[in-house]
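Okay, so here's the structure we're looking at.
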Amino acid sequence: MKSKLFLIIFIVIVFLLSACSYGGGSEEVSSDDATSDTSSEETETTVNEDGKFEPAVEITTARPVGSDYVFINGENIHQNIHNKWAEESLGIKIKDLWESADNSAYHTQLRLSLTSDEELPDAFIVQDPILIDDLIQSGQVMDISEAFDQYASDRLKEVYEENSYAFNQVTYDGKVMGLPIFTAGDGTSPVLWIRQDWLDHLGLEPPKTIEEFESVMEAFTNDDPDGNGVDDTFGFSFSGRNGFNNWMSDVSFVFGAYTGKYIPGTYLENEEGSLVYSSVQPGIKEGLNKLRDWYSKGYLDQELAVLDEVKATEAFIQGKSGMIAAPFWQKAGL
């Protein structure tokens with residue numbers, strides 16, 4: 001990784017463009033579609049010297065809107081400062097085709113739209129690797145190679161050139177079908193969030209080692225840390241659906257404890273400077289065995305294999321689990 005400003009996140013998040021023209025929001029009506037002898041006039045969209053479309057063009061999208069979303073000054077997902085800025089500064093009207101309650105429902109709706117041949121948004125984010133491939137194979141996603149070459153800034157091109165491997169998942173038959181989204185290097189670095197009230201209730205201290213972490217998980221699972229007299233808690237939340245190094249609900253630190261740096265499913269440089277596959281490195285098996293042991297003891301969410309990052313995080317927010325490894329900014333949702 002050469003870039004000092006950006007790191008690719010583990011699950012490639014792709015900005016996919018469905019079939020739409022570069023010309024903007026206007027549509028040329030052929031003479032066959034006309035309802036009278038009068039020829040329809042084509043509305044010409046131009047870009048002024050400030051880079052703004054005139055007249056404004058419309059781009060459709062879709063997104064999850066969770067119950068934890070908070071808007072100010074009477075704004076909502078349709079009318080807010082970001083949409084206003086895009087229209088006033090860029091001449092782009094952003095329209096939501098639909099919203100969903102959470103990330104899981106969002107990806108389900110995208111898949112339903114794909115399989116039922118419903119309208120897909122012009123631009124949308126995808127976090128499901130299988131769905132990314134299905135969208136590309138469907139033929140409903142456009143090649144953005146030419147648009148990227150023509151419109152991307154020099155700095156953006158430099159970032160993608162330095163991290164060209166990120167395009168592997170979105171390149172098909174030599175065509176680029178989406179853009180991986182990069183994030184600041186420290187923007188998703190996880191920290192361990194712990195329920196302080198549960199620690200206090202059980203007279204425990206925050207863990208500093210894997211052994212202490214395991215002891216706290218055991219207590220959070222079996223010793224009624226919330227004091228409600230019901231066996232309804234577990235120790236630690238993480239998403240097992242998309243791997244081990246997630247943007248939220250992360251568990252990569254467990255492998256760090258046994259391998260130093262290797263995480264299953266990734267390629268990293270070893271001590272000799274060679275690129276190696278992390279899944280077969282010493283210590284990985286110990287980390288996997290430890291997770292299996294914790295799962296069998298009920299310390300982890302028993303549905304973790306099907307949970308995405310957002311769903312896994314909800315268990316911690318709702319007071320079902322006592323710990324989660326997530327970015328520093330996740331405090332806003334806790």
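Chain labels run A, B, ... following the order of the structure tokens; each chain numbers its residues from 1, and ligands are numbered from 1 in the order shown.
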Inset, instruction - Could you give me the residues within region 181-300 of chain A that DSSP places in helix (DSSP H, G or I), as a PyMOL selection string? - result: chain A and resi 196-202+210-222+252-259+278-280+284-296
Give me the residues of region 279-331 of chain A that have any atom at most 8 Å from an atom of region 229-250 of chain A; for each, the nearest atom pair and the distance in Å, rounded to one decimal. Use only C-alpha atoms, sort by chain and number, and format it as a Markdown table.
```
| residue | atom | partner | partner_atom | distance |
| --- | --- | --- | --- | --- |
| A:Gly298 | CA | A:Phe234 | CA | 6.7 |
| A:Tyr299 | CA | A:Gly235 | CA | 4.8 |
| A:Leu300 | CA | A:Phe236 | CA | 5.4 |
| A:Asp301 | CA | A:Ser237 | CA | 6.2 |
| A:Leu304 | CA | A:Gly240 | CA | 5.2 |
| A:Ala305 | CA | A:Gly240 | CA | 4.7 |
| A:Val306 | CA | A:Arg241 | CA | 5.2 |
| A:Leu307 | CA | A:Ser239 | CA | 5.4 |
| A:Asp308 | CA | A:Ser239 | CA | 5.5 |
| A:Glu309 | CA | A:Ser239 | CA | 5.3 |
| A:Val310 | CA | A:Met248 | CA | 7.2 |
| A:Lys311 | CA | A:Ser239 | CA | 7.9 |
| A:Ala312 | CA | A:Ser239 | CA | 5.4 |
| A:Thr313 | CA | A:Ser249 | CA | 6.0 |
| A:Ala315 | CA | A:Ser237 | CA | 6.9 |
| A:Phe316 | CA | A:Ser237 | CA | 6.6 |
| A:Gly319 | CA | A:Thr233 | CA | 7.7 |
| A:Lys320 | CA | A:Thr233 | CA | 4.8 |
| A:Ser321 | CA | A:Phe234 | CA | 4.8 |
| A:Gly322 | CA | A:Gly235 | CA | 5.2 |
| A:Met323 | CA | A:Phe236 | CA | 4.7 |
| A:Ile324 | CA | A:Ser237 | CA | 5.2 |
| A:Ala325 | CA | A:Asp250 | CA | 5.2 |
| A:Ala326 | CA | A:Met248 | CA | 4.8 |
| A:Pro327 | CA | A:Met248 | CA | 6.6 |
```
How would the residues just chosen look if you wrote them out with N, CA, C and O atoms as a CSV table (one decimal), in the first residue's frame?
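And here is the file that came out, result_20.csv:
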```csv
chain,number,residue,atom,x,y,z
A,298,GLY,N,-21.1,-19.9,23.8
A,298,GLY,CA,-22.2,-18.9,23.8
A,298,GLY,C,-21.7,-17.5,24.0
A,298,GLY,O,-22.5,-16.6,24.2
A,299,TYR,N,-20.4,-17.3,24.0
A,299,TYR,CA,-19.9,-16.0,24.2
A,299,TYR,C,-20.1,-15.0,23.0
A,299,TYR,O,-20.1,-13.8,23.2
A,300,LEU,N,-20.4,-15.6,21.8
A,300,LEU,CA,-20.6,-14.8,20.6
A,300,LEU,C,-22.0,-15.0,20.1
A,300,LEU,O,-22.7,-15.9,20.5
A,301,ASP,N,-22.5,-14.1,19.3
A,301,ASP,CA,-23.8,-14.1,18.7
A,301,ASP,C,-23.9,-15.4,17.9
A,301,ASP,O,-23.1,-15.7,17.1
A,304,LEU,N,-24.0,-15.1,14.1
A,304,LEU,CA,-23.0,-14.2,13.5
A,304,LEU,C,-22.6,-14.6,12.0
A,304,LEU,O,-22.2,-13.7,11.3
A,305,ALA,N,-22.8,-15.8,11.6
A,305,ALA,CA,-22.5,-16.2,10.2
A,305,ALA,C,-23.3,-15.5,9.2
A,305,ALA,O,-22.9,-15.3,8.0
A,306,VAL,N,-24.5,-15.0,9.6
A,306,VAL,CA,-25.4,-14.4,8.6
A,306,VAL,C,-25.6,-12.9,8.9
A,306,VAL,O,-26.3,-12.2,8.2
A,307,LEU,N,-24.9,-12.4,9.9
A,307,LEU,CA,-25.0,-11.0,10.2
A,307,LEU,C,-24.0,-10.1,9.4
A,307,LEU,O,-22.9,-10.4,9.4
A,308,ASP,N,-24.5,-9.0,8.9
A,308,ASP,CA,-23.6,-8.1,8.3
A,308,ASP,C,-23.1,-7.1,9.4
A,308,ASP,O,-23.5,-7.3,10.6
A,309,GLU,N,-22.3,-6.2,9.0
A,309,GLU,CA,-21.7,-5.3,10.1
A,309,GLU,C,-22.7,-4.5,10.9
A,309,GLU,O,-22.5,-4.4,12.1
A,310,VAL,N,-23.7,-4.0,10.2
A,310,VAL,CA,-24.7,-3.2,10.8
A,310,VAL,C,-25.5,-4.0,11.8
A,310,VAL,O,-25.8,-3.6,12.9
A,311,LYS,N,-26.0,-5.2,11.4
A,311,LYS,CA,-26.8,-6.0,12.2
A,311,LYS,C,-26.0,-6.5,13.4
A,311,LYS,O,-26.6,-6.6,14.6
A,312,ALA,N,-24.8,-6.8,13.3
A,312,ALA,CA,-24.0,-7.2,14.4
A,312,ALA,C,-23.8,-6.1,15.4
A,312,ALA,O,-23.8,-6.3,16.6
A,313,THR,N,-23.7,-4.9,14.9
A,313,THR,CA,-23.5,-3.7,15.8
A,313,THR,C,-24.8,-3.5,16.6
A,313,THR,O,-24.7,-3.0,17.7
A,315,ALA,N,-26.8,-5.5,18.0
A,315,ALA,CA,-26.8,-6.3,19.3
A,315,ALA,C,-26.2,-5.5,20.4
A,315,ALA,O,-26.6,-5.6,21.6
A,316,PHE,N,-25.1,-4.9,20.1
A,316,PHE,CA,-24.4,-4.1,21.2
A,316,PHE,C,-25.2,-2.9,21.6
A,316,PHE,O,-25.3,-2.6,22.8
A,319,GLY,N,-28.1,-3.6,23.9
A,319,GLY,CA,-27.8,-4.1,25.2
A,319,GLY,C,-27.8,-5.6,25.3
A,319,GLY,O,-28.0,-6.2,26.3
A,320,LYS,N,-27.6,-6.3,24.1
A,320,LYS,CA,-27.6,-7.8,24.1
A,320,LYS,C,-26.2,-8.3,24.3
A,320,LYS,O,-26.0,-9.4,24.9
A,321,SER,N,-25.2,-7.6,23.9
A,321,SER,CA,-23.8,-8.0,24.1
A,321,SER,C,-23.0,-6.9,24.8
A,321,SER,O,-23.5,-5.7,24.8
A,322,GLY,N,-21.9,-7.3,25.4
A,322,GLY,CA,-21.2,-6.3,26.2
A,322,GLY,C,-20.0,-5.7,25.6
A,322,GLY,O,-19.5,-4.7,26.2
A,323,MET,N,-19.5,-6.2,24.5
A,323,MET,CA,-18.3,-5.7,23.9
A,323,MET,C,-18.4,-5.7,22.4
A,323,MET,O,-19.1,-6.6,21.8
A,324,ILE,N,-17.7,-4.8,21.7
A,324,ILE,CA,-17.6,-4.8,20.3
A,324,ILE,C,-16.4,-4.0,19.9
A,324,ILE,O,-16.0,-3.0,20.5
A,325,ALA,N,-15.7,-4.5,18.8
A,325,ALA,CA,-14.5,-3.7,18.3
A,325,ALA,C,-15.0,-3.0,17.1
A,325,ALA,O,-15.4,-3.5,16.1
A,326,ALA,N,-15.0,-1.6,17.2
A,326,ALA,CA,-15.5,-0.8,16.1
A,326,ALA,C,-14.8,0.6,16.1
A,326,ALA,O,-14.0,0.9,17.0
A,327,PRO,N,-14.9,1.3,15.0
A,327,PRO,CA,-14.2,2.6,14.9
A,327,PRO,C,-14.6,3.6,16.0
A,327,PRO,O,-15.6,3.5,16.7
```
Legend entry - For Ser296 (chain A): contacts at 12 Å, only C-alpha atoms, fewer than 6 positions along chain excluded, given as JSON, numbers by chain: {"A": [218, 234, 289, 290, 302]}
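Here CA of Ile77 (chain A) and CA of Leu90 (chain A) stand 18.6 Å from one another.
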Legend entry - Those of region 199-312 of chain A in DSSP strand (DSSP E), formatted as a VMD selection string: chain A and resid 234 to 237 267 to 269 275 to 277
Just to be explicit: take each residue in the selection above, keep C-alpha atoms, and write the result as an mmCIF file, in the first residue's frame.
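Saved as selection18.cif:
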```
data_model
loop_
_atom_site.group_PDB
_atom_site.id
_atom_site.type_symbol
_atom_site.label_atom_id
_atom_site.label_comp_id
_atom_site.auth_asym_id
_atom_site.auth_seq_id
_atom_site.Cartn_x
_atom_site.Cartn_y
_atom_site.Cartn_z
ATOM 1 C CA PHE A 234 -23.545 -12.599 25.422
ATOM 2 C CA GLY A 235 -19.988 -11.365 25.536
ATOM 3 C CA PHE A 236 -18.912 -9.981 22.186
ATOM 4 C CA SER A 237 -20.457 -8.881 18.871
ATOM 5 C CA TYR A 267 -2.365 -11.175 1.346
ATOM 6 C CA LEU A 268 0.391 -9.496 3.354
ATOM 7 C CA GLU A 269 4.146 -9.095 3.163
ATOM 8 C CA LEU A 275 3.678 -11.557 -0.485
ATOM 9 C CA VAL A 276 2.007 -14.455 1.324
ATOM 10 C CA TYR A 277 -1.549 -15.688 1.846
#
```
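Every protein, DNA or RNA residue with an atom at most 12 Å from Thr209 (chain A), where only C-alpha atoms count and chain neighbours fewer than 2 positions away do not, is listed here: Glu205, Pro206, Pro207, Glu211, Glu212, Phe213, Glu214, Ser215, Val216, Phe253, Val254, Gly256, Ala257 and Tyr258 of chain A.
Comparing the minimum interatomic distances between Trp329 (chain A) and each of A:Thr46, A:Asp226, A:Trp193, A:Ser274, counting only C-alpha atoms, we find that A:Trp193 sits nearest.
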Inset, instruction - For Ala86 (chain A), please output as a ChimeraX atom specification all residues within 12 Å (counting only C-alpha atoms; exclusion window: fewer than 2 positions along the same chain). - result: /A:51-53,56-59,79-84,88-95
Inset, instruction - Could you jot down the CA of Ala166 (chain A) to CA of Pro180 (chain A) separation for me, Å, one decimal place? - result: 6.4 Å
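CA of Pro264 (chain A) is found 4.3 Å from CA of Ser279 (chain A).
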Inset, instruction - Do a neighbour search on region 197-202 of chain A at 8 Å with only C-alpha atoms, toss out local chain neighbours closer than 6 positions, and write the hits as an NGL selection string. - result: :A and (219-220 or 223 or 225-227 or 322)
Would you mind exporting N, CA and C atoms of the selected residues as a PDB file, in the first residue's frame?
```
ATOM      1  N   ALA A 219     -18.197 -13.800  31.848  1.00  0.00           N
ATOM      2  CA  ALA A 219     -19.038 -13.143  32.847  1.00  0.00           C
ATOM      3  C   ALA A 219     -20.213 -12.413  32.199  1.00  0.00           C
ATOM      4  N   PHE A 220     -19.958 -11.747  31.087  1.00  0.00           N
ATOM      5  CA  PHE A 220     -21.022 -11.037  30.386  1.00  0.00           C
ATOM      6  C   PHE A 220     -22.082 -11.995  29.835  1.00  0.00           C
ATOM      7  N   ASP A 223     -23.275 -14.307  33.852  1.00  0.00           N
ATOM      8  CA  ASP A 223     -23.464 -13.749  35.199  1.00  0.00           C
ATOM      9  C   ASP A 223     -24.470 -12.611  35.258  1.00  0.00           C
ATOM     10  N   PRO A 225     -25.116  -9.661  33.585  1.00  0.00           N
ATOM     11  CA  PRO A 225     -24.469  -8.353  33.752  1.00  0.00           C
ATOM     12  C   PRO A 225     -25.437  -7.176  33.760  1.00  0.00           C
ATOM     13  N   ASP A 226     -26.611  -7.325  33.134  1.00  0.00           N
ATOM     14  CA  ASP A 226     -27.572  -6.216  33.137  1.00  0.00           C
ATOM     15  C   ASP A 226     -28.544  -6.288  34.302  1.00  0.00           C
ATOM     16  N   GLY A 227     -28.433  -7.356  35.109  1.00  0.00           N
ATOM     17  CA  GLY A 227     -29.220  -7.460  36.322  1.00  0.00           C
ATOM     18  C   GLY A 227     -30.713  -7.620  36.138  1.00  0.00           C
ATOM     19  N   GLY A 322     -21.909  -7.252  25.397  1.00  0.00           N
ATOM     20  CA  GLY A 322     -21.199  -6.319  26.243  1.00  0.00           C
ATOM     21  C   GLY A 322     -19.975  -5.678  25.643  1.00  0.00           C
TER      22      GLY A 322
END
```
Legend entry - Pick from A:Ser104, A:Thr61, A:Gln281, A:Thr115 nearest to Gln127 (chain A), counting only C-alpha atoms: A:Ser104
Inset, instruction - Using only C-alpha atoms, determine which residues lie at most 6 Å from region 96-101 of chain A, disregarding the query and same-chain residues fewer than 3 positions distant; provide the list as a PyMOL selection string. - result: chain A and resi 60-66+105-106
Go ahead and write the selection's residues with N, CA, C and O atoms as an mmCIF file, in the first residue's frame.
```cif
data_model
loop_
_atom_site.group_PDB
_atom_site.id
_atom_site.type_symbol
_atom_site.label_atom_id
_atom_site.label_comp_id
_atom_site.auth_asym_id
_atom_site.auth_seq_id
_atom_site.Cartn_x
_atom_site.Cartn_y
_atom_site.Cartn_z
ATOM 1 N N THR A 60 -30.743 9.127 -9.705
ATOM 2 C CA THR A 60 -31.463 8.345 -8.703
ATOM 3 C C THR A 60 -30.491 7.488 -7.900
ATOM 4 O O THR A 60 -29.439 7.076 -8.391
ATOM 5 N N THR A 61 -30.856 7.227 -6.660
ATOM 6 C CA THR A 61 -30.050 6.378 -5.795
ATOM 7 C C THR A 61 -30.982 5.650 -4.836
ATOM 8 O O THR A 61 -32.208 5.766 -4.914
ATOM 9 N N ALA A 62 -30.420 4.889 -3.921
ATOM 10 C CA ALA A 62 -31.168 4.208 -2.867
ATOM 11 C C ALA A 62 -30.219 4.033 -1.699
ATOM 12 O O ALA A 62 -29.006 3.991 -1.884
ATOM 13 N N ARG A 63 -30.757 3.916 -0.496
ATOM 14 C CA ARG A 63 -29.871 3.803 0.674
ATOM 15 C C ARG A 63 -30.640 3.344 1.898
ATOM 16 O O ARG A 63 -31.848 3.546 2.008
ATOM 17 N N PRO A 64 -29.933 2.724 2.824
ATOM 18 C CA PRO A 64 -30.574 2.372 4.100
ATOM 19 C C PRO A 64 -30.691 3.604 4.983
ATOM 20 O O PRO A 64 -29.775 4.426 5.041
ATOM 21 N N VAL A 65 -31.806 3.744 5.643
ATOM 22 C CA VAL A 65 -32.029 4.858 6.562
ATOM 23 C C VAL A 65 -32.449 4.256 7.895
ATOM 24 O O VAL A 65 -33.619 3.932 8.110
ATOM 25 N N GLY A 66 -31.495 4.065 8.789
ATOM 26 C CA GLY A 66 -31.774 3.412 10.053
ATOM 27 C C GLY A 66 -32.541 4.291 11.016
ATOM 28 O O GLY A 66 -32.651 5.509 10.847
ATOM 29 N N ALA A 105 -31.758 -5.193 4.820
ATOM 30 C CA ALA A 105 -32.941 -4.988 3.981
ATOM 31 C C ALA A 105 -32.583 -4.248 2.698
ATOM 32 O O ALA A 105 -33.172 -4.493 1.638
ATOM 33 N N TYR A 106 -31.610 -3.366 2.788
ATOM 34 C CA TYR A 106 -31.155 -2.618 1.620
ATOM 35 C C TYR A 106 -30.615 -3.557 0.543
ATOM 36 O O TYR A 106 -30.983 -3.481 -0.624
#
```
